[in-house]
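Source file: my_file-v7.cif. Holds: mmCIF, C-alpha atoms.
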```
data_entry
#
loop_
_atom_site.label_atom_id
_atom_site.label_comp_id
_atom_site.auth_asym_id
_atom_site.auth_seq_id
_atom_site.Cartn_x
_atom_site.Cartn_y
_atom_site.Cartn_z
CA MET A 1 -3.35 1.19 16.09
CA SER A 2 -5.75 0.44 18.89
CA ARG A 3 -6.68 -2.93 17.43
CA ILE A 4 -3.36 -4.47 18.37
CA SER A 5 -3.66 -6.55 21.49
CA ASP A 6 -0.97 -8.25 23.53
CA GLY A 7 -1.24 -11.28 21.29
CA ALA A 8 0.12 -9.37 18.31
CA GLY A 9 3.67 -10.26 19.19
CA ALA A 10 3.26 -14.00 18.77
CA PRO A 11 4.26 -15.43 15.40
CA TYR A 12 1.69 -16.51 12.82
CA ASP A 13 1.57 -20.27 12.38
CA LEU A 14 1.43 -21.45 8.76
CA GLY A 15 -0.04 -24.73 10.01
CA ALA A 16 1.11 -28.07 11.41
CA SER A 17 1.21 -29.51 7.89
CA PHE A 18 3.54 -26.81 6.52
CA PRO A 19 6.72 -28.81 5.94
CA VAL A 20 9.37 -26.07 5.98
CA GLY A 21 10.07 -26.02 9.71
CA GLU A 22 12.22 -22.88 9.67
CA ALA A 23 9.43 -20.91 8.01
CA ARG A 24 6.41 -22.35 9.75
CA HIS A 25 6.18 -19.53 12.28
CA GLN A 26 6.20 -16.10 10.71
CA ARG A 27 6.85 -12.96 12.64
CA PRO A 28 3.91 -10.48 12.63
CA GLY A 29 3.94 -7.84 9.94
CA ARG A 30 5.36 -9.94 7.14
CA THR A 31 3.90 -10.25 3.68
CA LEU A 32 4.81 -13.32 1.62
CA LEU A 33 4.31 -14.16 -2.03
CA VAL A 34 3.15 -17.60 -3.12
CA THR A 35 4.19 -18.49 -6.69
CA GLY A 36 3.40 -21.52 -8.81
CA PRO A 37 0.85 -22.79 -11.32
CA ALA A 38 -2.39 -20.82 -10.79
CA ALA A 39 -4.51 -23.53 -9.18
CA VAL A 40 -1.67 -24.90 -7.02
CA ALA A 41 -0.66 -21.44 -5.75
CA GLU A 42 -4.25 -20.51 -5.01
CA ARG A 43 -4.84 -23.69 -3.01
CA ALA A 44 -1.62 -23.20 -1.08
CA ALA A 45 -2.44 -19.59 -0.22
CA LEU A 46 -5.88 -20.57 0.99
CA ARG A 47 -4.36 -23.17 3.29
CA LEU A 48 -1.92 -20.62 4.69
CA LEU A 49 -4.74 -18.16 5.31
CA LEU A 50 -7.07 -20.74 6.81
CA ALA A 51 -4.38 -21.92 9.22
CA GLY A 52 -5.31 -18.75 11.11
CA HIS A 53 -8.82 -19.97 11.72
CA GLU A 54 -7.70 -22.32 14.47
CA ASP A 55 -5.81 -19.49 16.12
CA ASP A 56 -8.94 -17.28 16.24
CA GLU A 57 -7.49 -14.90 13.70
CA GLY A 58 -9.40 -12.80 11.20
CA ILE A 59 -9.08 -13.75 7.54
CA VAL A 60 -9.49 -11.09 4.86
CA PRO A 61 -8.93 -12.31 1.30
CA VAL A 62 -9.06 -9.87 -1.59
CA SER A 63 -10.28 -11.87 -4.56
CA THR A 64 -9.53 -10.72 -8.09
CA ASP A 65 -10.15 -14.07 -9.74
CA ARG A 66 -13.01 -15.84 -8.03
CA PRO A 67 -16.40 -14.62 -6.83
CA ALA A 68 -16.58 -13.96 -3.10
CA GLU A 69 -19.32 -16.57 -2.70
CA GLU A 70 -17.02 -19.30 -3.94
CA LEU A 71 -14.29 -18.33 -1.47
CA ARG A 72 -16.76 -18.09 1.39
CA ALA A 73 -18.10 -21.56 0.59
CA GLU A 74 -14.59 -22.98 0.49
CA TYR A 75 -13.76 -21.33 3.80
CA THR A 76 -16.84 -22.58 5.59
CA GLY A 77 -16.31 -26.02 4.05
CA LEU A 78 -12.74 -26.26 5.25
CA THR A 79 -13.38 -24.83 8.68
CA GLY A 80 -16.27 -27.08 9.64
CA GLY A 81 -19.12 -25.14 8.15
CA THR A 82 -19.36 -22.43 10.78
CA PRO A 83 -20.32 -19.15 9.19
CA ASP A 84 -18.62 -16.49 11.26
CA ASP A 85 -17.57 -12.91 11.62
CA ARG A 86 -13.87 -13.60 11.36
CA LEU A 87 -13.98 -13.86 7.56
CA ALA A 88 -14.44 -10.90 5.23
CA VAL A 89 -13.98 -11.47 1.51
CA ILE A 90 -13.37 -8.48 -0.75
CA ASP A 91 -14.60 -9.11 -4.25
CA VAL A 92 -12.71 -7.20 -6.94
CA THR A 93 -13.51 -9.55 -9.77
CA GLY A 94 -15.59 -6.85 -11.39
CA ARG A 95 -18.15 -9.54 -12.14
CA SER A 96 -20.67 -9.57 -9.31
CA ALA A 97 -22.97 -6.70 -8.46
CA ASP A 98 -21.27 -5.64 -5.24
CA ALA A 99 -17.76 -6.05 -6.62
CA THR A 100 -15.30 -3.20 -6.64
CA ASN A 101 -13.78 -2.18 -9.94
CA PRO A 102 -10.39 -3.92 -10.05
CA VAL A 103 -8.58 -0.83 -11.31
CA ASP A 104 -9.84 1.46 -8.54
CA LEU A 105 -7.09 0.88 -5.99
CA ALA A 106 -8.29 3.63 -3.64
CA ALA A 107 -11.70 1.96 -3.42
CA LEU A 108 -10.01 -1.37 -2.82
CA GLY A 109 -7.97 0.22 -0.03
CA ARG A 110 -11.11 1.58 1.61
CA GLU A 111 -12.77 -1.81 1.43
CA LEU A 112 -9.74 -3.44 2.93
CA ASN A 113 -9.79 -0.94 5.82
CA GLU A 114 -13.47 -1.57 6.43
CA ALA A 115 -13.12 -5.34 6.22
CA ILE A 116 -10.23 -5.37 8.67
CA ALA A 117 -12.14 -3.12 11.05
CA GLY A 118 -15.16 -5.42 10.69
CA VAL A 119 -13.63 -8.80 11.47
CA ARG A 120 -13.82 -9.78 15.10
CA ALA A 121 -10.13 -10.43 15.67
CA ASP A 122 -7.01 -8.50 16.62
CA ARG A 123 -4.76 -10.63 14.48
CA VAL A 124 -5.57 -10.71 10.79
CA ARG A 125 -4.32 -12.60 7.74
CA VAL A 126 -4.78 -10.58 4.56
CA GLY A 127 -4.80 -12.42 1.22
CA LEU A 128 -4.23 -10.98 -2.25
CA LEU A 129 -5.67 -13.64 -4.53
CA SER A 130 -4.22 -13.05 -6.99
CA LEU A 131 -1.75 -10.55 -8.37
CA SER A 132 -2.23 -12.28 -11.73
CA GLY A 133 -5.82 -11.04 -11.73
CA MET A 134 -4.62 -7.50 -11.01
CA LEU A 135 -2.04 -7.71 -13.79
CA SER A 136 -4.78 -8.24 -16.33
CA HIS A 137 -6.08 -4.75 -15.51
CA LEU A 138 -3.02 -2.87 -14.31
CA ASP A 139 0.53 -2.17 -15.36
CA ARG A 140 3.10 -4.25 -13.45
CA THR A 141 4.64 -1.09 -11.97
CA ASP A 142 1.26 -0.15 -10.49
CA VAL A 143 0.79 -3.65 -9.08
CA PHE A 144 4.27 -3.43 -7.58
CA LYS A 145 3.51 -0.13 -5.85
CA PHE A 146 0.20 -1.49 -4.64
CA CYS A 147 1.99 -4.47 -3.06
CA HIS A 148 4.49 -2.13 -1.47
CA PHE A 149 1.82 -0.10 0.29
CA VAL A 150 -0.09 -3.20 1.33
CA ARG A 151 3.14 -4.48 2.84
CA ASP A 152 3.49 -1.23 4.81
CA ARG A 153 -0.09 -1.38 6.00
CA ILE A 154 0.34 -5.01 7.11
CA GLY A 155 3.72 -4.28 8.66
CA ASP A 156 2.43 -1.37 10.74
CA ALA A 157 -0.54 -3.36 12.02
CA SER A 158 1.47 -6.57 12.62
CA TYR A 159 -0.81 -8.66 10.42
CA LEU A 160 0.25 -11.46 8.08
CA GLY A 161 -0.03 -10.95 4.31
CA ILE A 162 -0.22 -13.72 1.71
CA ALA A 163 -0.33 -12.90 -2.02
CA THR A 164 -0.39 -15.26 -4.97
CA LEU A 165 1.10 -14.92 -8.42
CA ALA A 166 0.56 -17.56 -11.10
CA THR A 167 3.86 -18.32 -12.80
CA ASP A 168 2.04 -19.82 -15.77
CA GLU A 169 0.27 -16.51 -16.38
CA ALA A 170 3.11 -14.00 -16.01
CA ASP A 171 6.52 -13.66 -17.64
CA ALA A 172 9.62 -14.40 -15.59
CA GLY A 173 10.62 -10.73 -15.44
CA THR A 174 7.31 -9.71 -13.92
CA VAL A 175 7.50 -12.51 -11.34
CA SER A 176 11.04 -11.52 -10.43
CA MET A 177 10.10 -7.83 -10.19
CA LEU A 178 7.04 -8.36 -8.01
CA GLN A 179 9.00 -10.65 -5.67
CA GLU A 180 10.94 -7.55 -4.63
CA ALA A 181 7.82 -6.21 -2.93
CA PHE A 182 7.68 -9.15 -0.49
CA ALA A 183 9.67 -10.38 2.48
CA GLY A 184 10.02 -13.81 0.88
CA THR A 185 8.52 -16.21 -1.63
CA ILE A 186 6.82 -19.55 -1.06
CA GLU A 187 7.21 -21.55 -4.27
CA VAL A 188 4.78 -24.37 -4.87
CA ARG A 189 4.47 -26.98 -7.59
CA GLU A 190 3.10 -30.44 -8.14
CA ASP A 191 4.71 -33.53 -9.58
CA GLU A 192 3.32 -37.03 -10.04
CA LYS A 193 3.87 -37.77 -6.33
CA GLY A 194 2.04 -34.75 -5.02
CA GLY A 195 2.56 -31.19 -3.83
CA LEU A 196 5.97 -29.61 -3.24
CA VAL A 197 6.98 -26.39 -1.53
CA ARG A 198 10.14 -24.40 -0.91
CA VAL A 199 10.78 -21.02 0.67
CA VAL A 200 13.05 -18.45 -0.96
CA GLY A 201 14.42 -15.20 0.40
CA LEU A 202 13.75 -15.55 4.12
CA PRO A 203 16.64 -15.42 6.58
CA ASP A 204 17.77 -18.72 8.15
CA THR A 205 15.57 -20.73 5.82
CA PRO A 206 17.34 -23.19 3.49
CA VAL A 207 16.03 -23.26 -0.08
CA THR A 208 14.99 -26.91 -0.31
CA TRP A 209 11.95 -28.59 -1.81
CA HIS A 210 9.70 -30.39 0.66
CA ALA A 211 6.70 -32.60 0.05
CA TRP A 212 3.51 -30.82 1.12
CA GLY A 213 0.57 -33.22 1.14
CA MET B 1 5.98 18.39 -5.80
CA SER B 2 9.24 20.28 -5.79
CA GLN B 3 12.05 19.07 -3.49
CA HIS B 4 12.02 16.65 -0.57
CA GLU B 5 15.33 17.07 1.22
CA GLY B 6 13.94 16.76 4.72
CA ALA B 7 11.15 17.79 6.98
CA SER B 8 11.60 21.53 7.46
CA ASP B 9 13.46 22.33 4.30
CA GLY B 10 11.72 25.55 3.40
CA ALA B 11 8.74 23.73 1.96
CA THR B 12 5.74 25.89 1.11
CA ILE B 13 2.49 25.44 3.01
CA LEU B 14 -0.77 26.98 1.87
CA VAL B 15 -3.24 27.52 4.72
CA VAL B 16 -6.86 27.97 3.69
CA GLU B 17 -9.03 28.94 6.68
CA ASP B 18 -11.88 31.40 6.93
CA GLU B 19 -11.38 32.21 10.61
CA ALA B 20 -8.77 34.96 10.77
CA GLU B 21 -7.56 34.02 14.24
CA LEU B 22 -6.92 30.39 13.33
CA ARG B 23 -5.22 31.47 10.12
CA ARG B 24 -2.81 33.64 12.09
CA THR B 25 -2.23 30.94 14.69
CA TYR B 26 -1.30 28.32 12.12
CA GLU B 27 0.97 30.80 10.37
CA LEU B 28 2.69 31.66 13.63
CA TRP B 29 3.34 28.00 14.41
CA LEU B 30 4.73 27.23 10.96
CA ALA B 31 6.50 30.37 9.83
CA ALA B 32 9.86 29.52 11.41
CA ASP B 33 10.24 26.32 9.40
CA TYR B 34 8.15 26.79 6.32
CA GLU B 35 7.22 29.32 3.72
CA VAL B 36 3.59 29.97 4.63
CA ARG B 37 0.86 31.41 2.40
CA THR B 38 -2.62 32.03 3.73
CA ALA B 39 -5.99 32.35 2.07
CA ALA B 40 -9.31 33.20 3.70
CA GLU B 41 -11.39 31.19 1.26
CA GLY B 42 -11.24 28.60 -1.49
CA GLU B 43 -11.42 31.05 -4.38
CA GLU B 44 -8.49 33.01 -3.03
CA ALA B 45 -6.52 29.77 -2.56
CA LEU B 46 -6.95 28.87 -6.21
CA GLY B 47 -5.05 32.01 -7.15
CA MET B 48 -2.22 31.30 -4.70
CA ALA B 49 -1.58 27.66 -5.50
CA ASP B 50 1.26 27.00 -7.89
CA GLU B 51 3.79 24.20 -8.26
CA SER B 52 5.92 25.54 -5.41
CA VAL B 53 3.20 24.62 -2.90
CA ASP B 54 4.00 21.32 -1.15
CA VAL B 55 1.20 21.02 1.39
CA VAL B 56 -2.29 22.54 1.42
CA LEU B 57 -4.18 22.79 4.69
CA LEU B 58 -7.89 23.11 3.93
CA ASP B 59 -10.66 23.92 6.34
CA ARG B 60 -13.64 21.71 5.64
CA MET B 61 -16.41 24.25 6.17
CA MET B 62 -15.86 27.64 4.57
CA PRO B 63 -18.15 30.18 2.96
CA GLY B 64 -17.92 29.98 -0.82
CA LEU B 65 -15.97 26.95 -2.02
CA SER B 66 -15.85 24.20 0.61
CA GLY B 67 -12.64 22.39 1.47
CA LYS B 68 -13.70 19.49 -0.71
CA GLU B 69 -14.59 21.70 -3.68
CA THR B 70 -11.29 23.54 -3.38
CA LEU B 71 -9.43 20.22 -3.26
CA THR B 72 -11.23 18.96 -6.37
CA GLU B 73 -10.48 22.19 -8.26
CA LEU B 74 -6.79 22.20 -7.26
CA LYS B 75 -6.39 18.54 -8.24
CA GLU B 76 -8.09 19.17 -11.57
CA ARG B 77 -5.52 21.87 -12.21
CA GLY B 78 -2.85 19.22 -11.69
CA LEU B 79 -1.43 20.59 -8.42
CA GLU B 80 0.87 17.86 -7.08
CA ALA B 81 0.73 18.88 -3.44
CA LYS B 82 -0.34 16.88 -0.40
CA PHE B 83 -3.68 17.87 1.13
CA ALA B 84 -4.76 17.90 4.75
CA MET B 85 -8.33 18.61 5.75
CA VAL B 86 -9.12 20.41 8.99
CA THR B 87 -12.49 19.31 10.23
CA ALA B 88 -14.66 19.77 13.30
CA VAL B 89 -15.99 16.22 13.05
CA GLU B 90 -14.04 13.01 13.54
CA PRO B 91 -13.19 11.66 10.07
CA ASP B 92 -15.08 8.50 9.11
CA PHE B 93 -14.89 6.33 6.03
CA ASP B 94 -16.89 8.85 3.96
CA ILE B 95 -14.41 11.56 4.64
CA ILE B 96 -11.48 9.33 3.72
CA GLU B 97 -13.22 8.85 0.39
CA MET B 98 -12.98 12.56 -0.39
CA GLY B 99 -9.39 12.40 -1.49
CA PHE B 100 -7.40 14.07 1.29
CA ASP B 101 -4.04 12.70 2.35
CA ALA B 102 -4.48 13.51 6.03
CA TYR B 103 -7.07 14.80 8.47
CA LEU B 104 -6.85 17.08 11.44
CA THR B 105 -9.72 17.30 13.91
CA LYS B 106 -10.36 20.67 15.56
CA PRO B 107 -9.11 21.99 17.87
CA VAL B 108 -5.72 21.61 16.21
CA ASP B 109 -2.67 21.99 18.43
CA GLU B 110 0.82 22.95 17.33
CA GLU B 111 2.38 19.55 17.78
CA ARG B 112 -0.26 17.73 15.77
CA LEU B 113 -0.12 20.30 12.99
CA ARG B 114 3.65 19.95 12.76
CA ASP B 115 3.48 16.15 12.88
CA THR B 116 0.87 16.06 10.14
CA ILE B 117 2.87 18.32 7.85
CA GLN B 118 6.05 16.33 8.47
CA SER B 119 4.24 13.11 7.75
CA LEU B 120 2.84 14.53 4.49
CA ARG B 121 6.33 15.69 3.48
CA SER B 122 7.60 12.20 4.22
CA GLN B 123 4.81 10.66 2.13
CA GLY B 124 5.85 12.85 -0.77
CA ALA B 125 9.49 11.84 -0.43
CA TYR B 126 8.49 8.20 -0.13
CA SER B 127 6.35 8.18 -3.25
CA ASP B 128 9.07 9.95 -5.27
CA ALA B 129 11.58 7.29 -4.18
CA LEU B 130 9.09 4.49 -4.83
CA ASP B 131 8.33 5.80 -8.34
CA GLU B 132 12.01 5.80 -9.25
CA TYR B 133 12.65 2.44 -7.57
CA THR B 134 9.73 0.83 -9.41
CA SER B 135 10.68 2.10 -12.83
CA LEU B 136 14.31 1.02 -12.31
CA LEU B 137 13.16 -2.45 -11.27
CA ALA B 138 11.11 -2.68 -14.46
CA LYS B 139 14.12 -1.48 -16.45
CA ARG B 140 16.34 -4.09 -14.81
CA GLU B 141 13.94 -6.86 -15.78
CA THR B 142 13.77 -5.58 -19.35
CA LEU B 143 17.58 -5.63 -19.56
CA LYS B 144 17.77 -9.10 -18.02
CA ALA B 145 15.32 -10.36 -20.61
CA ARG B 146 17.30 -8.88 -23.52
CA LYS B 147 20.91 -9.44 -22.57
CA ARG B 148 22.95 -12.44 -21.54
CA ASN B 149 24.15 -12.59 -17.91
CA GLU B 150 27.80 -12.17 -18.96
CA GLU B 151 26.97 -9.01 -20.85
CA LEU B 152 25.15 -7.59 -17.83
CA ALA B 153 27.98 -8.50 -15.47
CA GLU B 154 30.39 -6.47 -17.60
CA SER B 155 28.11 -3.51 -18.07
CA ASP B 156 28.88 -0.38 -16.04
CA ALA B 157 25.41 0.94 -16.67
CA PHE B 158 23.91 -2.20 -15.14
CA ALA B 159 26.17 -1.93 -12.10
CA GLU B 160 25.07 1.69 -11.67
CA LEU B 161 21.46 0.63 -11.91
CA GLU B 162 21.99 -1.98 -9.18
CA ALA B 163 23.73 0.56 -6.95
CA ARG B 164 20.94 3.09 -7.39
CA LEU B 165 18.35 0.42 -6.59
CA ALA B 166 20.16 -0.43 -3.35
CA GLU B 167 20.30 3.26 -2.45
CA LEU B 168 16.58 3.73 -3.07
CA GLU B 169 15.76 0.57 -1.16
CA ALA B 170 17.58 1.94 1.87
CA ARG B 171 15.79 5.26 1.52
CA LEU B 172 12.39 3.56 1.34
CA GLU B 173 13.32 1.58 4.43
CA ASP B 174 14.07 4.80 6.34
CA THR B 175 11.12 6.88 5.17
CA ASP B 176 7.63 6.67 6.57
CA SER B 177 5.23 5.92 3.71
CA GLY B 178 2.27 7.07 5.77
CA ALA B 179 0.41 3.97 4.50
CA GLY B 180 0.30 2.35 7.93
CA ASP B 181 -2.99 3.96 8.91
CA ASP B 182 -6.38 3.85 7.17
CA ALA B 183 -6.32 7.33 5.64
CA GLY B 184 -2.68 7.21 4.59
CA PHE B 185 -3.15 3.81 3.01
CA VAL B 186 -6.07 4.96 0.87
CA ALA B 187 -4.23 8.17 -0.02
CA ALA B 188 -1.18 6.19 -1.16
CA LEU B 189 -3.33 3.93 -3.35
CA ARG B 190 -5.19 6.91 -4.75
CA ASP B 191 -1.84 8.35 -5.84
CA ILE B 192 -1.21 5.22 -7.91
CA ASP B 193 -4.66 5.58 -9.51
CA GLU B 194 -4.13 9.25 -10.28
CA GLU B 195 -0.67 8.76 -11.66
CA ALA B 196 -1.84 5.95 -13.92
CA GLU B 197 -4.62 8.21 -15.16
CA HIS B 198 -2.26 11.05 -15.97
CA THR B 199 0.65 9.17 -17.46
CA GLY B 200 -0.81 5.92 -18.74
CA THR B 201 1.64 3.05 -18.49
CA GLU B 202 5.17 3.73 -17.31
CA GLU B 203 6.86 0.81 -18.94
CA PRO B 204 9.79 1.70 -21.16
#
```
Mind turning this structure into structure tokens?
Amino acid sequence: MSRISDGAGAPYDLGASFPVGEARHQRPGRTLLVTGPAAVAERAALRLLLAGHEDDEGIVPVSTDRPAEELRAEYTGLTGGTPDDRLAVIDVTGRSADATNPVDLAALGRELNEAIAGVRADRVRVGLLSLSGMLSHLDRTDVFKFCHFVRDRIGDASYLGIATLATDEADAGTVSMLQEAFAGTIEVREDEKGGLVRVVGLPDTPVTWHAWG
Amino acid sequence: MSQHEGASDGATILVVEDEAELRRTYELWLAADYEVRTAAEGEEALGMADESVDVVLLDRMMPGLSGKETLTELKERGLEAKFAMVTAVEPDFDIIEMGFDAYLTKPVDEERLRDTIQSLRSQGAYSDALDEYTSLLAKRETLKARKRNEELAESDAFAELEARLAELEARLEDTDSGAGDDAGFVAALRDIDEEAEHTGTEEP
């Protein structure tokens, strides 16, 4: 694609605070799944997406759970309040007036194309927030295939993909099945001391819990 | 779709084009590798399309049924072919919305026509493999939920399932899904929508 510039070869940085050193820099084209309790996974995914803001990357979250306005506010809040053209939120909650129907995947695909074409950046982080929201409308086999094609799209364009799946809202079999559509899984949880993260399924990355404050 | 052994495996291409010269040209380019049928207009194409057709090449502007109308009619009849639209204007987002799997802008040359047909054949093979892979993954999870690990470890059927999954995974790795570009991506997602509409849920 013509949008790929010379910078596309550099890895995506998950952020200075991301504690798993071996996984902090992700090679372009990868799509990762974040699993954990709904709110914890969502927050983690947002951090991983927003880490691209400092690197002048485009950020394109597809939101099935929360209205686009809410995500936009959070983004501008976390990035110093600058409204800009490097963020494009796709609302598939089915709740707001301009939202796409969550079961119309072709329409979602078109919106994703348009949003990516619209952000002013060659490098883009695409978020799927969350697969749990999609599972309330679609069969898990359909969600799996959807993830597969998104992974291809992201792989071909050398973007970074981050999806979330709430482990408290899906059965273990569905989580395990959907994991197969991703290059690796970032597991997050919280205990009384704070946030924890570990990375599963990526080469050369030990599976160890790290504190993630 | 019938078989997907490879790119030029005797697949059947239906060319629908009102200009006689173009129709003959496309046929000439494709006849060595494919079974080619030609129709001069949409109505005629409807009579020639059956389940042996793998790819339909549709001119956008034709007298009588347009390319889009012909596509809609063929899809309503349940034809599981891949569709390419030949158009004089550069495809934009609106055109992608129409439901074609690929687009060719006139003038079409031989290499691009061949590439497009090969890519559509590959998309068909990919989605067949992905369908099987996905339903086997779901089956594996169902088994894992119902049986103890020791039982699964001893089961030949489970070992076969694992082997088939590995085979399909390798095939998916080697096959171009076509979903890397805008039009192919939307077409791939539309296939999921259409399949869900026709079959309902696929869970065992």
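In this structure, CA of Leu178 in chain A sits 10.5 Å away from CA of Glu141 in chain B.
Here the PyMOL selection byres ((chain B) within 8 of (chain A)) catches exactly these residues: Phe93, Glu97, Leu130, Thr134, Ser135, Leu137, Ala138, Glu141, Thr142, Lys144, Ala145, Ser177, Ala179, Gly180, Asp181, Asp182, Phe185, Val186, Ala187, Ala188, Leu189, Arg190, Ile192, Asp193, Ala196, Thr201, Glu202 and Glu203 of chain B.
Proximity ranking of B:Phe100, B:Lys75, B:Lys82, B:Val56 relative to Ala183 in chain B places B:Phe100 first, based on all atoms listed in the file.
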| task | On this file, the PyMOL selection byres ((chain A and resi 201) around 8) gives some set of residues; write that set as a PyMOL selection string. | result | chain A and resi 183-185+199-200+202-203+205
Using all atoms listed in the file, determine which residues lie at most 10 Å from Asp191 in chain A, disregarding the query and same-chain residues fewer than 4 positions distant; provide the list as a short mmCIF file (atom, residue, chain, number, x, y, z; two decimals) with C-alpha atoms, in the frame of the given file.
```
data_model
loop_
_atom_site.label_atom_id
_atom_site.label_comp_id
_atom_site.auth_asym_id
_atom_site.auth_seq_id
_atom_site.Cartn_x
_atom_site.Cartn_y
_atom_site.Cartn_z
CA GLY A 195 2.56 -31.19 -3.83
CA LEU A 196 5.97 -29.61 -3.24
CA ALA A 211 6.70 -32.60 0.05
#
```
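Relative to CA of Ala41 in chain A, CA of Leu14 in chain A is found at 14.7 Å.
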| query | Can you list, as a count of residues only, the residues that the PyMOL selection byres ((chain B and resi 57) around 12) selects here? | reply | 50
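Proximity to range 42-59 of chain A at 8 Å, evaluated using all atoms listed in the file and with sequence-adjacent residues fewer than 6 positions away removed, yields Tyr12, Asp13, Leu14, Gly15, Val34, Tyr75, Thr79, Arg86, Leu87, Ala88, Ile116, Val119, Arg120, Ala121, Asp122, Arg123, Val124, Arg125, Val126, Gly127, Leu129, Ser130, Ile162, Ala163, Thr164 and Val188 of chain A.
Residue nearest Val60 in chain A within the list A:Leu32, A:Leu128, A:Ala39, A:Ile186: A:Leu128 [criterion: smallest interatomic distance, all atoms listed in the file].
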Padding 6 Å on every side, please: axis-aligned box over the listed atoms of range 17-31 of chain A, centre and edge lengths to one decimal in Å, as AutoDock Vina command-line options.
```
--center_x 6.7 --center_y -18.7 --center_z 8.2 --size_x 23.0 --size_y 33.7 --size_z 21.0
```
| request: Mind giving me the straight-line distance from CA of Glu21 in chain B to CA of Asp9 in chain B in Å, one decimal? | output: 26.0 Å
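Of the residues under consideration (B:Leu79, B:Ala125, B:Ala11, B:Ala88), B:Ala125 shows the shortest atom-to-atom contact distance to Arg171 in chain B when counting all atoms listed in the file.
Shortest atom-to-atom contact with Glu132 in chain B among B:Arg24, B:Arg164, B:Ala170, B:Val89: B:Arg164, counting all atoms listed in the file.
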| request: Pick out the closest residue to Leu74 in chain B from this set: B:Tyr133, B:Pro107, B:Gly47, B:Met62. Count only C-alpha atoms. | output: B:Gly47
| query | Restricting the calculation to only C-alpha atoms, which member of B:Glu76, B:Thr25, B:Ala129, B:Glu197 is positioned closest to Ala166 in chain B? | reply | B:Ala129
Can you fill out range 134-138 of chain B with all heavy atoms and hand it back as a compact mmCIF listing (two decimals), in the frame of the given file?
```txt
# COMPACT_ATOMS: atom_id res chain seq x y z
N THR B 134 10.58 1.71 -8.60
CA THR B 134 9.73 0.83 -9.41
C THR B 134 10.12 0.86 -10.88
O THR B 134 10.23 -0.18 -11.52
CB THR B 134 8.25 1.23 -9.25
OG1 THR B 134 7.94 1.31 -7.86
CG2 THR B 134 7.34 0.22 -9.91
N SER B 135 10.37 2.06 -11.40
CA SER B 135 10.68 2.10 -12.83
C SER B 135 12.07 1.51 -13.10
O SER B 135 12.29 0.90 -14.14
CB SER B 135 10.51 3.50 -13.41
OG SER B 135 11.48 4.35 -12.89
N LEU B 136 13.00 1.64 -12.14
CA LEU B 136 14.31 1.02 -12.31
C LEU B 136 14.23 -0.51 -12.22
O LEU B 136 14.94 -1.22 -12.93
CB LEU B 136 15.32 1.54 -11.28
CG LEU B 136 15.79 2.99 -11.48
CD1 LEU B 136 16.83 3.36 -10.44
CD2 LEU B 136 16.35 3.20 -12.88
N LEU B 137 13.35 -1.00 -11.34
CA LEU B 137 13.16 -2.45 -11.27
C LEU B 137 12.62 -2.99 -12.59
O LEU B 137 13.09 -4.02 -13.09
CB LEU B 137 12.16 -2.81 -10.16
CG LEU B 137 12.64 -2.91 -8.73
CD1 LEU B 137 11.47 -3.26 -7.82
CD2 LEU B 137 13.74 -3.94 -8.58
N ALA B 138 11.68 -2.26 -13.18
CA ALA B 138 11.11 -2.68 -14.46
C ALA B 138 12.20 -2.65 -15.54
O ALA B 138 12.30 -3.55 -16.38
CB ALA B 138 9.95 -1.78 -14.84
```
